[in-house]
Amino acid sequence: AMRRALVYGSNGALGRALITSLKTRDNPSWTTYGVDIGVGQNADKNFAVPRDLSMDLSAQAKFVGNSLQEEVAQAGSLLDAVICVSGGFAMASAQDASLFETVNGMYGSSVFPSFVAANLAALYLKKGGLLVLPGAAVGGDTPTPWGLAYGSSKAAVHHMVRSLGTEPMASGFDATTKVVGFAPVTLDTPGNRKAMPDVDRSTWTPLSVLAEKLTELAENPALCTSGVVYKVVTTNRQQTTILEPMV
């Protein structure tokens, strides 16, 4: 039987790596649904959210929900996993002119997609399915005076993971649904290499490695504990990556 995964943020560097990872699996294989702003090419089915809906949460949710509802009805099968890998980064203190722009950017890229992903998971996940949301090792549970919008958006996502995962039925999920977060320190993306050209990258997490870890969780949700945000820790010159629970 074919497995099905929805990847929210499928056009980003991590989203592309995740879809690539899912596509390499067989026995059984995965059908991928990709969601992002603008057109995506990489998933089996791509739902391109119109740009003018990126900051209109209810319209975005309606657009993606309607698209997914049609696919689920056509397939006659619910989803095994909903994995949100949408995110961004911005720095601004309370006095910066760019503060409100960063609030829109961070909430639009991390919080809004997490709410839509949670709603879609509640409606379309199979029993025993997995919802994964995008946290951060720095900011989700620690002060970020240099990036108020960034830190508070990640804190919101961590809060969602713990709320949904601790009390699934009260939050609208089946009791068997698993909800976890992943919290990278630094991902080895082209953007990060460009922004920090001279930094030691030995503890940066390769995208393909994190994608593989997320794929393993999607294939076997029993590997994770619901309600936990997992810090993504890479050591040994990018040779070793583990997921360890953030307390």
# chains A, B, ... in the order shown; residues from 1 in each chain; ligands from 1
$ residues_around --residues "Thr102 of chain A" --least-positions-apart "4" --cutoff "12 Å" --atoms "only C-alpha atoms" --output "list of chain:residue names"
A:Gly88, A:Phe89, A:Ala90, A:Met91, A:Ala92, A:Ser93, A:Ala94, A:Asp96, A:Ala97, A:Ser98, A:Met106, A:Tyr107, A:Gly108, A:Ser109, A:Ser110, A:Trp146, A:Gly147, A:Leu148, A:Ala149, A:Tyr150, A:Gly151, A:Ser152, A:Ser153
$ closest_atom_pairs --of "segment 107-207 of chain A" --to "segment 1-14 of chain A" --cutoff "12 Å" --atoms "only C-alpha atoms" --output "tab-separated table"
residue	atom	partner	partner_atom	distance
A:Gly108	CA	A:Gly9	CA	11.5
A:Ser109	CA	A:Gly9	CA	8.6
A:Ser110	CA	A:Gly9	CA	9.6
A:Val111	CA	A:Tyr8	CA	11.9
A:Phe112	CA	A:Tyr8	CA	10.8
A:Pro113	CA	A:Tyr8	CA	7.0
A:Ser114	CA	A:Tyr8	CA	8.5
A:Phe115	CA	A:Tyr8	CA	11.0
A:Val116	CA	A:Tyr8	CA	9.0
A:Ala117	CA	A:Tyr8	CA	7.1
A:Ala118	CA	A:Tyr8	CA	10.8
A:Leu120	CA	A:Leu6	CA	9.2
A:Ala121	CA	A:Leu6	CA	9.2
A:Tyr124	CA	A:Leu6	CA	10.0
A:Leu125	CA	A:Ala5	CA	9.3
A:Lys126	CA	A:Arg4	CA	9.8
A:Gly129	CA	A:Ala5	CA	9.9
A:Leu130	CA	A:Ala5	CA	9.4
A:Leu131	CA	A:Leu6	CA	9.6
A:Val132	CA	A:Val7	CA	9.6
A:Leu133	CA	A:Tyr8	CA	9.5
A:Pro134	CA	A:Tyr8	CA	10.2
A:Pro184	CA	A:Leu14	CA	11.3
A:Thr186	CA	A:Leu14	CA	12.0
A:Leu187	CA	A:Leu14	CA	8.6
A:Asp188	CA	A:Ala13	CA	9.4
A:Thr189	CA	A:Ala13	CA	6.7
A:Pro190	CA	A:Ala13	CA	8.1
A:Gly191	CA	A:Ala13	CA	9.0
A:Asn192	CA	A:Ala13	CA	10.8
A:Thr205	CA	A:Leu14	CA	10.7
A:Pro206	CA	A:Leu14	CA	9.4
A:Leu207	CA	A:Leu14	CA	5.8
$ write_last_selection --atoms "C-alpha atoms" --output "mmCIF file, in the first residue's frame"
data_model
loop_
_atom_site.group_PDB
_atom_site.id
_atom_site.type_symbol
_atom_site.label_atom_id
_atom_site.label_comp_id
_atom_site.auth_asym_id
_atom_site.auth_seq_id
_atom_site.Cartn_x
_atom_site.Cartn_y
_atom_site.Cartn_z
ATOM 1 C CA GLY A 108 3.892 34.092 7.989
ATOM 2 C CA SER A 109 6.710 31.576 7.476
ATOM 3 C CA SER A 110 6.586 29.583 10.750
ATOM 4 C CA VAL A 111 3.404 30.090 12.735
ATOM 5 C CA PHE A 112 0.727 30.327 10.042
ATOM 6 C CA PRO A 113 1.920 27.192 8.204
ATOM 7 C CA SER A 114 2.082 25.308 11.519
ATOM 8 C CA PHE A 115 -1.556 26.174 12.257
ATOM 9 C CA VAL A 116 -2.638 25.087 8.778
ATOM 10 C CA ALA A 117 -0.589 21.877 9.070
ATOM 11 C CA ALA A 118 -2.171 21.121 12.454
ATOM 12 C CA LEU A 120 -4.976 19.441 8.018
ATOM 13 C CA ALA A 121 -3.495 16.758 10.287
ATOM 14 C CA TYR A 124 -6.811 14.084 7.170
ATOM 15 C CA LEU A 125 -4.284 11.995 9.153
ATOM 16 C CA LYS A 126 -4.769 8.252 9.476
ATOM 17 C CA GLY A 129 -0.228 9.207 11.840
ATOM 18 C CA LEU A 130 2.480 11.799 12.462
ATOM 19 C CA LEU A 131 2.483 15.618 12.523
ATOM 20 C CA VAL A 132 5.890 17.340 12.550
ATOM 21 C CA LEU A 133 6.322 21.087 13.159
ATOM 22 C CA PRO A 134 9.415 23.325 12.738
ATOM 23 C CA PRO A 184 17.869 22.550 14.347
ATOM 24 C CA THR A 186 22.099 25.530 12.037
ATOM 25 C CA LEU A 187 21.116 23.845 8.785
ATOM 26 C CA ASP A 188 23.708 23.569 6.032
ATOM 27 C CA THR A 189 21.782 25.519 3.398
ATOM 28 C CA PRO A 190 23.095 27.643 0.519
ATOM 29 C CA GLY A 191 21.545 30.680 2.242
ATOM 30 C CA ASN A 192 23.378 30.027 5.511
ATOM 31 C CA THR A 205 23.241 19.730 9.929
ATOM 32 C CA PRO A 206 23.244 18.550 6.288
ATOM 33 C CA LEU A 207 19.778 18.828 4.757
#
$ closest_residue --among "A:Gly139, A:Asn46, A:Thr215, A:Asp198" --to "Ser29 of chain A" --atoms "only C-alpha atoms"
A:Thr215
$ closest_atom_pairs --of "segment 22-123 of chain A" --to "segment 170-175 of chain A" --cutoff "9 Å" --atoms "only C-alpha atoms" --output "CSV"
residue,atom,partner,partner_atom,distance
A:Asn119,CA,A:Gly172,CA,8.7
A:Ala121,CA,A:Phe173,CA,7.9
A:Ala122,CA,A:Phe173,CA,5.2
A:Leu123,CA,A:Phe173,CA,8.3
$ closest_residue --among "A:Val233, A:Leu53, A:Cys224, A:Ile19" --to "Gly40 of chain A" --atoms "only C-alpha atoms"
A:Ile19
$ select_by_dssp --residues "segment 35-110 of chain A" --states "strand (DSSP E)" --output "list in words"
Val35, Asp36, Ile37, Lys45, Asn46, Phe47, Ala48, Val49, Leu79, Asp80, Ala81, Val82, Ile83 and Cys84 of chain A
$ residues_around --residues "Val228 of chain A" --least-positions-apart "3" --cutoff "7 Å" --atoms "only C-alpha atoms" --output "PyMOL selection string"
chain A and resi 161-162+180-181+225+245
$ write_last_selection --atoms "all heavy atoms" --output "PDB file, in the first residue's frame"
ATOM      1  N   VAL A 161       3.362  22.183  19.584  1.00  0.00           N
ATOM      2  CA  VAL A 161       3.794  20.780  19.647  1.00  0.00           C
ATOM      3  C   VAL A 161       3.434  20.181  21.006  1.00  0.00           C
ATOM      4  O   VAL A 161       2.863  19.090  21.104  1.00  0.00           O
ATOM      5  CB  VAL A 161       5.316  20.657  19.410  1.00  0.00           C
ATOM      6  CG1 VAL A 161       5.808  19.250  19.742  1.00  0.00           C
ATOM      7  CG2 VAL A 161       5.660  21.027  17.977  1.00  0.00           C
ATOM      8  N   ARG A 162       3.751  20.928  22.064  1.00  0.00           N
ATOM      9  CA  ARG A 162       3.528  20.399  23.419  1.00  0.00           C
ATOM     10  C   ARG A 162       2.041  20.315  23.742  1.00  0.00           C
ATOM     11  O   ARG A 162       1.595  19.370  24.405  1.00  0.00           O
ATOM     12  CB  ARG A 162       4.290  21.266  24.424  1.00  0.00           C
ATOM     13  CG  ARG A 162       5.799  21.044  24.284  1.00  0.00           C
ATOM     14  CD  ARG A 162       6.644  22.103  24.951  1.00  0.00           C
ATOM     15  NE  ARG A 162       8.070  21.811  24.704  1.00  0.00           N
ATOM     16  CZ  ARG A 162       9.025  22.723  24.641  1.00  0.00           C
ATOM     17  NH1 ARG A 162       8.735  24.006  24.818  1.00  0.00           N
ATOM     18  NH2 ARG A 162      10.275  22.375  24.411  1.00  0.00           N
ATOM     19  N   VAL A 180       5.286  15.932  16.959  1.00  0.00           N
ATOM     20  CA  VAL A 180       6.618  16.296  17.438  1.00  0.00           C
ATOM     21  C   VAL A 180       7.122  17.537  16.713  1.00  0.00           C
ATOM     22  O   VAL A 180       6.608  17.910  15.658  1.00  0.00           O
ATOM     23  CB  VAL A 180       7.645  15.154  17.248  1.00  0.00           C
ATOM     24  CG1 VAL A 180       7.269  13.930  18.064  1.00  0.00           C
ATOM     25  CG2 VAL A 180       7.819  14.794  15.774  1.00  0.00           C
ATOM     26  N   GLY A 181       8.127  18.166  17.320  1.00  0.00           N
ATOM     27  CA  GLY A 181       8.817  19.265  16.665  1.00  0.00           C
ATOM     28  C   GLY A 181      10.267  18.890  16.446  1.00  0.00           C
ATOM     29  O   GLY A 181      10.800  18.019  17.131  1.00  0.00           O
ATOM     30  N   THR A 225       8.401  10.328  20.767  1.00  0.00           N
ATOM     31  CA  THR A 225       7.441  10.548  21.850  1.00  0.00           C
ATOM     32  C   THR A 225       6.619  11.791  21.538  1.00  0.00           C
ATOM     33  O   THR A 225       7.178  12.865  21.276  1.00  0.00           O
ATOM     34  CB  THR A 225       8.183  10.757  23.188  1.00  0.00           C
ATOM     35  OG1 THR A 225       9.024   9.624  23.416  1.00  0.00           O
ATOM     36  CG2 THR A 225       7.208  10.912  24.339  1.00  0.00           C
ATOM     37  N   PRO A 245      15.673  14.999  22.873  1.00  0.00           N
ATOM     38  CA  PRO A 245      14.537  15.782  23.378  1.00  0.00           C
ATOM     39  C   PRO A 245      14.999  17.054  24.091  1.00  0.00           C
ATOM     40  O   PRO A 245      15.956  17.021  24.861  1.00  0.00           O
ATOM     41  CB  PRO A 245      13.873  14.835  24.387  1.00  0.00           C
ATOM     42  CG  PRO A 245      14.322  13.469  23.983  1.00  0.00           C
ATOM     43  CD  PRO A 245      15.692  13.630  23.407  1.00  0.00           C
TER      44      PRO A 245
END
$ select_by_dssp --residues "segment 112-239 of chain A" --states "helix (DSSP H, G or I)" --output "PyMOL selection string"
chain A and resi 112-124+148-166+190-195+207-219+221-223
$ closest_residue --among "A:Asp141, A:Asp80, A:Met160, A:Gln95" --to "Lys127 of chain A" --atoms "only C-alpha atoms"
A:Asp80
$ atom_distance --atom1 "atom CA of Asp44 of chain A" --atom2 "atom CA of Thr32 of chain A"
5.2 Å
$ closest_residue --among "A:Thr240, A:Gly34, A:Glu216, A:Phe47" --to "Cys84 of chain A" --atoms "only C-alpha atoms"
A:Gly34
$ atom_distance --atom1 "atom CA of Ser77 of chain A" --atom2 "atom CA of Ala218 of chain A"
16.3 Å
$ atom_distance --atom1 "atom CA of Ala61 of chain A" --atom2 "atom CA of Val35 of chain A"
10.9 Å
$ residues_around --residues "Phe63 of chain A" --least-positions-apart "2" --cutoff "12 Å" --atoms "only C-alpha atoms" --output "VMD selection string"
chain A and resid 35 to 37 47 to 54 56 to 61 65 to 70 116 120
$ residues_around --residues "Ser208 of chain A" --least-positions-apart "6" --cutoff "8 Å" --atoms "only C-alpha atoms" --output "mmCIF file with all heavy atoms, in the first residue's frame"
data_model
loop_
_atom_site.group_PDB
_atom_site.id
_atom_site.type_symbol
_atom_site.label_atom_id
_atom_site.label_comp_id
_atom_site.auth_asym_id
_atom_site.auth_seq_id
_atom_site.Cartn_x
_atom_site.Cartn_y
_atom_site.Cartn_z
ATOM 1 N N LEU A 14 15.081 22.653 2.751
ATOM 2 C CA LEU A 14 14.785 21.436 3.517
ATOM 3 C C LEU A 14 13.588 20.686 2.921
ATOM 4 O O LEU A 14 13.579 19.460 2.859
ATOM 5 C CB LEU A 14 14.534 21.770 4.990
ATOM 6 C CG LEU A 14 14.207 20.587 5.902
ATOM 7 C CD1 LEU A 14 15.293 19.512 5.844
ATOM 8 C CD2 LEU A 14 13.994 21.053 7.339
ATOM 9 N N ALA A 17 14.733 18.673 0.016
ATOM 10 C CA ALA A 17 15.508 17.508 0.478
ATOM 11 C C ALA A 17 14.590 16.430 1.042
ATOM 12 O O ALA A 17 14.807 15.232 0.836
ATOM 13 C CB ALA A 17 16.532 17.945 1.524
ATOM 14 N N LEU A 18 13.541 16.857 1.745
ATOM 15 C CA LEU A 18 12.614 15.899 2.357
ATOM 16 C C LEU A 18 11.842 15.131 1.283
ATOM 17 O O LEU A 18 11.676 13.909 1.368
ATOM 18 C CB LEU A 18 11.655 16.621 3.303
ATOM 19 C CG LEU A 18 10.594 15.753 3.973
ATOM 20 C CD1 LEU A 18 11.228 14.595 4.750
ATOM 21 C CD2 LEU A 18 9.729 16.600 4.908
ATOM 22 N N SER A 21 14.053 12.623 -0.233
ATOM 23 C CA SER A 21 14.238 11.484 0.673
ATOM 24 C C SER A 21 13.025 10.548 0.639
ATOM 25 O O SER A 21 13.173 9.326 0.547
ATOM 26 C CB SER A 21 14.487 11.993 2.100
ATOM 27 O OG SER A 21 14.485 10.931 3.019
#
$ decode --residues "segment 206-237 of chain A" --atoms "N, CA, C and O atoms" --output "short mmCIF file (atom, residue, chain, number, x, y, z; two decimals), in the first residue's frame"
data_model
loop_
_atom_site.label_atom_id
_atom_site.label_comp_id
_atom_site.auth_asym_id
_atom_site.auth_seq_id
_atom_site.Cartn_x
_atom_site.Cartn_y
_atom_site.Cartn_z
N PRO A 206 23.53 18.68 7.73
CA PRO A 206 23.24 18.55 6.29
C PRO A 206 21.75 18.30 6.06
O PRO A 206 21.12 17.55 6.80
N LEU A 207 21.21 18.95 5.03
CA LEU A 207 19.78 18.83 4.76
C LEU A 207 19.37 17.38 4.50
O LEU A 207 18.33 16.93 4.96
N SER A 208 20.20 16.65 3.76
CA SER A 208 19.83 15.27 3.41
C SER A 208 19.75 14.40 4.65
O SER A 208 18.93 13.48 4.73
N VAL A 209 20.59 14.71 5.65
CA VAL A 209 20.61 13.90 6.88
C VAL A 209 19.35 14.16 7.71
O VAL A 209 18.70 13.24 8.20
N LEU A 210 18.98 15.45 7.86
CA LEU A 210 17.75 15.77 8.59
C LEU A 210 16.53 15.21 7.85
O LEU A 210 15.61 14.67 8.47
N ALA A 211 16.55 15.33 6.53
CA ALA A 211 15.43 14.80 5.73
C ALA A 211 15.27 13.30 5.96
O ALA A 211 14.15 12.79 6.10
N GLU A 212 16.40 12.61 6.04
CA GLU A 212 16.39 11.16 6.29
C GLU A 212 15.79 10.85 7.67
O GLU A 212 14.99 9.93 7.82
N LYS A 213 16.18 11.65 8.67
CA LYS A 213 15.66 11.44 10.04
C LYS A 213 14.13 11.64 10.06
O LYS A 213 13.41 10.89 10.70
N LEU A 214 13.66 12.70 9.38
CA LEU A 214 12.22 12.97 9.36
C LEU A 214 11.48 11.86 8.62
O LEU A 214 10.37 11.47 9.00
N THR A 215 12.09 11.35 7.55
CA THR A 215 11.50 10.24 6.80
C THR A 215 11.37 9.00 7.68
O THR A 215 10.34 8.31 7.67
N GLU A 216 12.41 8.73 8.47
CA GLU A 216 12.38 7.57 9.37
C GLU A 216 11.25 7.69 10.40
O GLU A 216 10.57 6.72 10.70
N LEU A 217 11.05 8.91 10.92
CA LEU A 217 9.95 9.12 11.88
C LEU A 217 8.59 8.92 11.20
O LEU A 217 7.68 8.34 11.78
N ALA A 218 8.48 9.42 9.97
CA ALA A 218 7.21 9.28 9.23
C ALA A 218 6.91 7.80 8.98
O ALA A 218 5.76 7.37 9.05
N GLU A 219 7.95 7.02 8.72
CA GLU A 219 7.75 5.60 8.46
C GLU A 219 7.47 4.82 9.73
O GLU A 219 6.79 3.80 9.71
N ASN A 220 8.00 5.31 10.84
CA ASN A 220 7.83 4.60 12.11
C ASN A 220 7.65 5.59 13.26
O ASN A 220 8.59 5.84 14.03
N PRO A 221 6.43 6.16 13.40
CA PRO A 221 6.19 7.15 14.45
C PRO A 221 6.46 6.63 15.87
O PRO A 221 6.65 7.42 16.79
N ALA A 222 6.51 5.31 16.02
CA ALA A 222 6.79 4.73 17.34
C ALA A 222 8.19 5.13 17.83
O ALA A 222 8.48 5.03 19.03
N LEU A 223 9.04 5.60 16.91
CA LEU A 223 10.40 6.01 17.30
C LEU A 223 10.40 7.30 18.13
O LEU A 223 11.39 7.62 18.77
N CYS A 224 9.30 8.06 18.08
CA CYS A 224 9.30 9.34 18.78
C CYS A 224 8.22 9.41 19.85
O CYS A 224 7.27 8.62 19.86
N THR A 225 8.40 10.33 20.77
CA THR A 225 7.44 10.55 21.85
C THR A 225 6.62 11.79 21.54
O THR A 225 7.18 12.86 21.28
N SER A 226 5.31 11.64 21.57
CA SER A 226 4.45 12.77 21.22
C SER A 226 4.58 13.91 22.22
O SER A 226 4.76 13.69 23.41
N GLY A 227 4.53 15.14 21.70
CA GLY A 227 4.62 16.32 22.55
C GLY A 227 6.04 16.80 22.79
O GLY A 227 6.26 17.77 23.51
N VAL A 228 7.01 16.11 22.17
CA VAL A 228 8.42 16.45 22.39
C VAL A 228 8.96 17.26 21.20
O VAL A 228 8.67 16.96 20.05
N VAL A 229 9.75 18.30 21.52
CA VAL A 229 10.52 19.00 20.50
C VAL A 229 11.93 18.42 20.54
O VAL A 229 12.58 18.42 21.59
N TYR A 230 12.38 17.90 19.41
CA TYR A 230 13.70 17.25 19.34
C TYR A 230 14.75 18.21 18.79
O TYR A 230 14.60 18.72 17.68
N LYS A 231 15.79 18.43 19.58
CA LYS A 231 16.91 19.23 19.10
C LYS A 231 17.72 18.39 18.13
O LYS A 231 17.98 17.21 18.38
N VAL A 232 18.08 19.00 17.01
CA VAL A 232 18.86 18.30 15.98
C VAL A 232 20.33 18.62 16.24
O VAL A 232 20.77 19.74 16.03
N VAL A 233 21.07 17.63 16.73
CA VAL A 233 22.46 17.86 17.15
C VAL A 233 23.42 17.15 16.20
O VAL A 233 23.37 15.92 16.05
N THR A 234 24.28 17.93 15.56
CA THR A 234 25.25 17.38 14.62
C THR A 234 26.67 17.60 15.16
O THR A 234 27.00 18.69 15.61
N THR A 235 27.47 16.54 15.12
CA THR A 235 28.85 16.61 15.62
C THR A 235 29.76 15.86 14.66
O THR A 235 29.31 15.38 13.60
N ASN A 236 31.03 15.78 15.03
CA ASN A 236 31.96 14.91 14.31
C ASN A 236 32.06 15.30 12.83
O ASN A 236 31.94 14.48 11.94
N ARG A 237 32.26 16.61 12.60
CA ARG A 237 32.39 17.15 11.23
C ARG A 237 31.26 16.70 10.31
O ARG A 237 31.48 16.19 9.21
#
